[in-house]
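Working notes for the structure below.
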Amino acid sequence: MSKKDTNFISAREARKISKENNKILKKLDGRLSRKNVPESEYLTTMKDPGNVVEFDDLHTYFFTDVGTVHAVDGVSFNVPAGKTVGIVGESGCGKSVTSLSLMQLLQRPTGQIVSGEIRLNLGDKAYDVAKMPIDAMRNIRGNVVSMIFQEPMTSLNPVFRIGFQLDEVIKLHNTGMSDEEVKQRSIDAIKMVGIPDAEGIYSRYPHELSGGMRQRIVIAMALVCNPRVIIADEPTTALDVTIQAQILELLRKLKGEINASIMLITHDLGVIAEMADYVVVMYAGRVVEKGLANEVFLDPRHPYTIGLMESKPVINKKVDRLYSIPGSVPNPINMPDYCYFRDRCEKCVARCEGKYPPECHVTDTHIVSCWRYFDETKGGTGR
Amino acid sequence: MSEVKEKILNEEDQKISVESGEGASDNVLEVKHLCKYFPIKAGLFGRVVGHVHAVEDVSFTLKRGTTMGLVGESGCGKTTIGKTILDLTPKTSGEVIFNGNVHLDKMSSKELRAFRPKIQIIFQDPYSSLSPRLPVGEIIGEAVREHNLVPPEEFDDYITRIMEACGLHDYQKDRYPHEFSGGQRQRICIARAVALNPDFIVCDEPVSALDVSIQAQIINLLEDLQEKFNLTYLFISHDLSVVQHISDTVGVMYLGNMVEYASKEEIFANPLHPYTQALFSAIPVPDPTIKMNRIILEGSIPSPSNPPSGCKFHTRCRNCKGVCRKMAPRTMDMGNGHTVACHIYDPESGYATEEESKPEE
Amino acid sequence: MSDNTNMNLNTNESGEEQQPMSLDDGRRVKVLSPGMMVFKRFIRNKLAIVGICILVFMFLFSFLGGVISPYRQDQVFHKYDKANKEYAGAVVNTDYRFTAAEGFTLTTMTRANFNSKVKGSEEAEVKFEADDVTYLARKVDDNFYTLSVGEQLGTVTVLGKITDIKSIGDAELSKALKDAATAAVKASATSFEAEGVTYTLTKGAAKSYVINGMKEVAMVSMLNFDAFTSEYDTLARSFAFRKACETAMHAGADSFEVDGTTYRLDIEDETNAVAYLGDTEVVNISNIIVNPVNNGVFLSIDYKAAVAEAIAEKHTTFDFVDENGETVKNTVTMRNNNYVIFTEQATDLIDMYAPPSKEHWLGTDDHGMDVLTRLMYGGRISLMVGFIVMILENLIGIVIGGISGYFGGWVDTMLMRFVDLFNSIPYYPMMIIAGAIMDSFEVNPYVRLYMMMAIMGIMGWTGVARVVRGQILSLREQDFMVATEATGIAVSRRIFRHLVPNVMPLLIVQATMGLGGIILTEATLSFLGLGIKYPLASWGSIINAASNIYVMTYCWFIWIPAGLLIVLTVLGFNFVGDGLRDAFDPKMKR
């Protein structure tokens, strides 16, 4: 080799990046940290009152040492009331960041919502989460929006009893409740997630439970405050297949019982197919395809969605050779303005050389960001 | 040392010629009654108070150029089998025979080291399986140089060739693992194993930590390499769909026991063991229109340190009867090389005649 | 359009790329080098930066400060303190002082007899005998006598009208004497006077008389004669001068003549006077004897004069300008009829516990050494001890921990029990005993320093060994180590190429954090007097000064800065260690 190809950032570049980041972060983080912000500042109205959450052109960036990572770059979709929206995509596509933006649990100060709106319907009013300061967010988290994490081992505190941890969440958001009421509600929640010996589990420690049980407790914890939205971030990825089946069964059952919307984030198309009413496919921080589950699964339009489905081996469906999308997911730094999937796409058309494709409506609910479905007469509704 | 190697190589040549000549079966690996217990130590002096029965009486054979899938949930001992076969953890009892007559446990450490390149392993976690402080070229080439597999002047070319065969680029030789994504790291792991020109590779969940599109790439890569180098895989995974795609034969493990073993076609068309049936039905299918008649298993896997009596699966089995709680099932050959360890298929167990001891709860 | 974007993108690259890069190409996005990543994470930690600043300051202070400092570390500073010390004693002379003429010796008997016979006598002339010599003591004035001895000057032979005078001995008899003697003989007097001198005639053989002259052989007085300069010493001691001078004094004359030289006399009172030759002070006359208190001290005549004057004038204090032109305050007090003169004496003192000043920014310590300089040199030792002990600890710890962790099994068990054994050795008693042994052998401070480092290193490696063992145990189970085994890589290579580089970050962190502890231990030991000994200094031994209640209360400038330096250094090392740990740990976000 003539020259050692290191691909490392030089000290000067790194300094430049840090300097820019500091400037931006100071401004953005300062806004988040404010105290006693009047409610009017983040009050908004829903476009469609039937939605619980509306993501509108959300941009969430991470200002890292190697540059600005456009983790979520213009994501728009709605979470209708009582429905399950599945967000699917590979690691690094921004699906988790989208949900964390809704909770404002982004890694501060590097991760920041830069622009866009996240409208959260509270019934009588709606908040724009993107503009809410951390202070006000505390009342939303766990109460209006709750979260089920991937790792049941680490999402429970090992030194406190299950009951204590459940009670704590209830007390935090229901200050007026008596201790008996709180305990009763905790036990109800444990029963709800299909654990027969609720009283016994109430006084157990997390380590005494198996992974599946723990994940049930985590789900109970998410449900206990009757949230409007539950974010389930890879709720079954860490579990065994048989346990995953149990949990999925439980979630399906709960879907009918509670009136909360579920945002199901997973990379497993099978899980999405079983659970979701709506599907959002994300790639490199952008939504490439969204629509009703049936539409997306039975009639996938975006080459990425198609590739994703074909590359997953399916039981009792014989293929000689798996289809695989060439290349890998790009690192969302310094993205150009053309279709991000272009380099891996085998179905490119001439238009793909141009800008990033706009949103194209296949049906009213099925939207694809691909030039192949661009209809000159209708035009896209994207940018 | 070189003599031993030569001997081994010669034998292989012979066997390959035999295979090609007569089409006779050539078992790269024979596992007979393999057991691996981990002692549970307690107290001040590390007294052994019990054993974790990680692998109990597992037998199978693996033909050259084929892939055996080993499926099971976490804690069922499938990873332990992989490591025990390679003598990375010493086995408790049983026999592991490579190429018909190589017993790793009977080799001196020097001979063993010389034989190592022939049997390789690919790990699940592409992040912890690469030494973070070595450049990729070194990671792949280190053992090649150590065993003098290629002449020094060809070394660079050889590594480049291997890297390209595994979908890596020449320019990445000087990079460090942290600069790579999971899929690429897994390619590096595969390149490291393949560079040693092995006969047999244990693939310990090589795609579980990867994204779907990358999984497909890696699976295709493994298949390509198998074809190219006539490799034999032991493919360990919890993902049945992947196992179904890549394997020729499939073994299903539950709590250290191999409960069912058959060719792929046989086992997927006709799963016999209740656990296998439940396992197959538990897999989510990416098609919202299919509503599967799912068998949901109750509870979770019992602790392998204190396994249930009788059939280990009886605590979760819906077909459980009295005999299942008392007696461990025998492994029954159901024909076509399909073996299953369940009382249902053992006419001598008395299962068929027994009344339902416990009706459905 | 898209080409433009690609071109823009590629400007980030070296520019050699011709083809537009695909988005998933690893070269499209540059990454941080591992070193840069650690550095970035480190500098983002404010405390670590503070720690680095502290440490840089400490190193500059210790290693450069010692060079810049104008003082040596063991340089003792002196001061001239003006203490009111007894300097001289003065007595008003009440004893007679005898001055014999040249060629004459006064025996002790003579003095004794004089004192017993003449003293107190009111008569003008008293005769007494001593050693068969008859002395004639003539009182000239109070406390001023002359002693004369009879002397046969000549014989007078009367032959009718003719008197013949012959001299005895060599002495020429003057004409006046002869005439007076002749007249006296004729008048049959027994004595006569000539030229103011009285002679006696004693009848000898027939018609002959002997002229007896009285020869003055000594004078008795209470006054002292001190020459101002040594060249006049003989003069001041000479009988002739003294007699002439004192006679003049008693006479109240303002000058007198000795051997043809005229001296001016400046009389203060009857007992004090100064004789001048021209304008030069030659001799001081006084009845006061001034003696130094300490042997070997020379009191100048000026000083004596000044003392005498002060006593005479009944002053209790007087200023004296010494030969260096400095004014010295003197105090005169009476004690047992003696005067004691206290002088504000400039004595050569070690400048102990000097408060901060321009010369000594942090004052001086109990040895009179500059505290700031001691701190600088002490810092060298403290830091050096820290580093050497750390290196020693780590060497032993890595080897033992490494062996224990890598081989495991009974080797591990044995070594870890050995570590336990080592840990159960009480540290401080050991150090105290070692210190005591070294004390009793009076070990050279440098040897002592090395010994202490060695002991600390040997006693302290167990922690490192445990950490290294733990790390290696966990690394050994990592897949990449299993992979090295699976690929059949040799043990030595596995250890040195794979294990050691991965333990290094932890070791660096561990060592940095440990340094603070070692410096603290060394300070503790030195504080207890077991560690660094004078003349070497360490921060701990400097604080040791605070064990003295006086120093602790009044000399904050000695021990507070040393304490602060220790606290800051330990904090600095801990901050940096923390920062390094966070920087090396890839799981640490931020």
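Chain identifiers are assigned as A, B, and so on, following the order in which chains appear in the structure tokens; residues are numbered from 1 within each chain, and ligands are numbered from 1 in order of appearance.
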Quiz item: Tell me, which residues of segment 47-241 of chain C carry DSSP alpha helix (DSSP H), written as an MDAnalysis selection string?
Solution: chainID C and resid 47:59 65:68 108:113 175:187 233:237 239:241
Exercise. Kindly provide, as a VMD selection string, the residues of chain C having any atom no farther than 8 Å from an atom of chain B, counting only C-alpha atoms.
Key: chain C and resid 26 31 478 to 490 498 501 to 502
Any idea which chain B residues end up within 8 Å of chain A if we count only C-alpha atoms, as an mmCIF file with N, CA and C atoms, in the first residue's frame please?
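Output saved as out.cif:
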```cif
data_model
loop_
_atom_site.group_PDB
_atom_site.id
_atom_site.type_symbol
_atom_site.label_atom_id
_atom_site.label_comp_id
_atom_site.auth_asym_id
_atom_site.auth_seq_id
_atom_site.Cartn_x
_atom_site.Cartn_y
_atom_site.Cartn_z
ATOM 1 N N GLU B 73 -33.820 -23.167 22.726
ATOM 2 C CA GLU B 73 -33.908 -21.869 23.384
ATOM 3 C C GLU B 73 -32.659 -21.643 24.226
ATOM 4 N N SER B 74 -32.577 -20.439 24.775
ATOM 5 C CA SER B 74 -31.387 -20.135 25.568
ATOM 6 C C SER B 74 -31.305 -21.090 26.759
ATOM 7 N N TYR B 171 -8.733 -2.503 1.286
ATOM 8 C CA TYR B 171 -8.325 -1.310 2.047
ATOM 9 C C TYR B 171 -8.678 -1.419 3.520
ATOM 10 N N ASP B 174 -6.096 -2.475 7.328
ATOM 11 C CA ASP B 174 -5.443 -1.721 8.400
ATOM 12 C C ASP B 174 -6.431 -1.092 9.366
ATOM 13 N N ARG B 175 -7.695 -1.367 9.135
ATOM 14 C CA ARG B 175 -8.698 -0.775 10.022
ATOM 15 C C ARG B 175 -8.827 -1.619 11.275
ATOM 16 N N ASP B 211 -28.827 -7.540 11.552
ATOM 17 C CA ASP B 211 -30.069 -7.073 10.946
ATOM 18 C C ASP B 211 -30.511 -8.037 9.857
ATOM 19 N N VAL B 212 -31.787 -7.939 9.541
ATOM 20 C CA VAL B 212 -32.374 -8.913 8.615
ATOM 21 C C VAL B 212 -31.627 -8.943 7.282
ATOM 22 N N SER B 213 -31.409 -7.782 6.696
ATOM 23 C CA SER B 213 -30.782 -7.784 5.374
ATOM 24 C C SER B 213 -29.348 -8.303 5.454
ATOM 25 N N ILE B 214 -28.705 -8.040 6.569
ATOM 26 C CA ILE B 214 -27.340 -8.509 6.740
ATOM 27 C C ILE B 214 -27.333 -10.006 7.013
ATOM 28 N N GLN B 215 -28.340 -10.457 7.769
ATOM 29 C CA GLN B 215 -28.469 -11.899 8.018
ATOM 30 C C GLN B 215 -28.463 -12.660 6.717
ATOM 31 N N ALA B 216 -29.260 -12.182 5.786
ATOM 32 C CA ALA B 216 -29.367 -12.862 4.498
ATOM 33 C C ALA B 216 -28.010 -12.885 3.811
ATOM 34 N N GLN B 217 -27.301 -11.754 3.892
ATOM 35 C CA GLN B 217 -25.972 -11.702 3.272
ATOM 36 C C GLN B 217 -25.040 -12.737 3.891
ATOM 37 N N ILE B 219 -25.803 -15.425 5.615
ATOM 38 C CA ILE B 219 -26.228 -16.801 5.315
ATOM 39 C C ILE B 219 -25.784 -17.179 3.909
ATOM 40 N N ASN B 220 -25.986 -16.266 2.972
ATOM 41 C CA ASN B 220 -25.555 -16.545 1.602
ATOM 42 C C ASN B 220 -24.045 -16.744 1.532
ATOM 43 N N HIS B 238 -31.194 -20.118 17.371
ATOM 44 C CA HIS B 238 -32.517 -20.259 17.976
ATOM 45 C C HIS B 238 -33.577 -19.926 16.933
ATOM 46 N N ASP B 239 -33.111 -19.478 15.768
ATOM 47 C CA ASP B 239 -34.044 -19.028 14.746
ATOM 48 C C ASP B 239 -34.328 -20.177 13.788
ATOM 49 N N LEU B 240 -35.511 -20.744 13.951
ATOM 50 C CA LEU B 240 -35.852 -21.924 13.166
ATOM 51 C C LEU B 240 -35.866 -21.648 11.675
ATOM 52 N N SER B 241 -36.298 -20.473 11.302
ATOM 53 C CA SER B 241 -36.411 -20.202 9.872
ATOM 54 C C SER B 241 -35.033 -20.190 9.215
ATOM 55 N N VAL B 242 -34.061 -19.637 9.941
ATOM 56 C CA VAL B 242 -32.696 -19.636 9.406
ATOM 57 C C VAL B 242 -32.163 -21.064 9.327
ATOM 58 N N GLN B 244 -33.832 -23.749 9.088
ATOM 59 C CA GLN B 244 -34.514 -24.471 8.016
ATOM 60 C C GLN B 244 -33.881 -24.145 6.672
ATOM 61 N N HIS B 245 -33.496 -22.902 6.517
ATOM 62 C CA HIS B 245 -32.949 -22.510 5.228
ATOM 63 C C HIS B 245 -31.582 -23.140 4.971
ATOM 64 N N PHE B 268 -39.374 -30.670 9.328
ATOM 65 C CA PHE B 268 -40.290 -29.547 9.146
ATOM 66 C C PHE B 268 -41.641 -30.026 8.621
ATOM 67 N N ALA B 278 -44.312 -27.058 19.223
ATOM 68 C CA ALA B 278 -44.568 -25.750 19.825
ATOM 69 C C ALA B 278 -43.585 -24.706 19.296
ATOM 70 N N LEU B 279 -42.363 -25.145 19.166
ATOM 71 C CA LEU B 279 -41.309 -24.250 18.696
ATOM 72 C C LEU B 279 -41.629 -23.758 17.284
ATOM 73 N N ALA B 282 -44.403 -21.264 17.130
ATOM 74 C CA ALA B 282 -44.194 -19.990 17.832
ATOM 75 C C ALA B 282 -43.583 -18.925 16.939
ATOM 76 N N ILE B 283 -43.088 -19.342 15.778
ATOM 77 C CA ILE B 283 -42.370 -18.363 14.956
ATOM 78 C C ILE B 283 -43.346 -17.412 14.279
ATOM 79 N N PRO B 284 -43.159 -16.121 14.463
ATOM 80 C CA PRO B 284 -44.046 -15.170 13.807
ATOM 81 C C PRO B 284 -43.797 -15.176 12.296
ATOM 82 N N VAL B 285 -44.860 -15.139 11.555
ATOM 83 C CA VAL B 285 -44.730 -15.153 10.097
ATOM 84 C C VAL B 285 -45.046 -13.766 9.570
ATOM 85 N N PRO B 286 -44.206 -13.261 8.707
ATOM 86 C CA PRO B 286 -44.445 -11.896 8.220
ATOM 87 C C PRO B 286 -45.566 -11.839 7.189
ATOM 88 N N ASP B 287 -46.712 -12.257 7.591
ATOM 89 C CA ASP B 287 -47.867 -12.177 6.700
ATOM 90 C C ASP B 287 -49.095 -11.999 7.566
ATOM 91 N N PRO B 288 -49.646 -10.825 7.558
ATOM 92 C CA PRO B 288 -50.752 -10.541 8.484
ATOM 93 C C PRO B 288 -52.008 -11.353 8.189
ATOM 94 N N THR B 289 -52.089 -11.925 7.017
ATOM 95 C CA THR B 289 -53.305 -12.659 6.694
ATOM 96 C C THR B 289 -53.304 -14.053 7.294
ATOM 97 N N ILE B 296 -49.091 -22.277 22.419
ATOM 98 C CA ILE B 296 -48.353 -21.412 23.353
ATOM 99 C C ILE B 296 -47.905 -22.262 24.533
ATOM 100 N N LEU B 297 -46.609 -22.325 24.709
ATOM 101 C CA LEU B 297 -46.090 -23.078 25.849
ATOM 102 C C LEU B 297 -46.236 -22.246 27.111
ATOM 103 N N GLU B 298 -46.657 -22.922 28.173
ATOM 104 C CA GLU B 298 -46.763 -22.221 29.444
ATOM 105 C C GLU B 298 -45.387 -22.138 30.111
ATOM 106 N N GLY B 299 -45.221 -21.131 30.911
ATOM 107 C CA GLY B 299 -44.014 -21.051 31.742
ATOM 108 C C GLY B 299 -42.747 -20.893 30.929
ATOM 109 N N SER B 300 -41.633 -21.060 31.601
ATOM 110 C CA SER B 300 -40.357 -20.900 30.914
ATOM 111 C C SER B 300 -39.480 -22.116 31.184
#
```
Quiz item: Please, which residues of chain A lie no more than 9 Å from chain C when the count uses only C-alpha atoms, and can they be set out as number ranges by chain?
Solution: A: 6-11, 14, 65-67, 107-110, 327-338, 340-344, 353-355
Practice problem: Write down as JSON, numbers by chain the residues of segment 90-328 of chain B whose backbone DSSP state falls under strand (DSSP E). | Solution: {"B": [93, 94, 95, 96, 97, 98, 102, 103, 119, 120, 121, 122, 200, 201, 202, 203, 204, 232, 233, 234, 235, 236, 237, 249, 250, 251, 252, 253, 254, 257, 258, 259, 260, 261, 262, 263]}
Quiz prompt | Coordinates-based distance that separates atom CA of Phe374 of chain A from atom CA of Val288 of chain A (Å, one decimal) | solution = 13.2 Å
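The space between atom CA of Val252 of chain B and atom CA of Gly322 of chain B spans 23.6 Å.
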Quiz item: If you count only C-alpha atoms, which residues fall within 9 Å of segment 365-376 of chain C, apart from same-chain ones fewer than 3 positions away, as a PyMOL selection string?
Solution: chain C and resi 58+61-66+69-78+350-354+359-362+379-381+536-539+542+545+551+555+557-558+561-562+565
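Here the question is which of C:Ala90, C:Leu507, C:Ala218, C:Ala240 gets nearest to Thr333 of chain C using only C-alpha atoms, and that residue is C:Ala90.
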Quiz prompt | Contact residues around Asp135 of chain A with only C-alpha atoms at 12 Å, ignoring same-chain residues under 5 positions, as an NGL selection string | solution = :A and (31-39 or 104 or 129 or 140-141)
Practice problem: Could you give me, as a list in words, the residues within 8 Å of Gly256 of chain B, counting only C-alpha atoms and dropping anything in the same chain fewer than 4 positions from it? | Solution: His53, Ala54, Val55, Glu56, Cys76, Gly77, Lys78 and Pro304 of chain B
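Counting only C-alpha atoms, Glu246 of chain C has the following residues at most 9 Å away, ignoring those fewer than 4 positions along the same chain: C:Phe144, C:Ser221, C:Leu223, C:Phe241, C:Arg242, C:His250, C:Ala251, C:Ile285.
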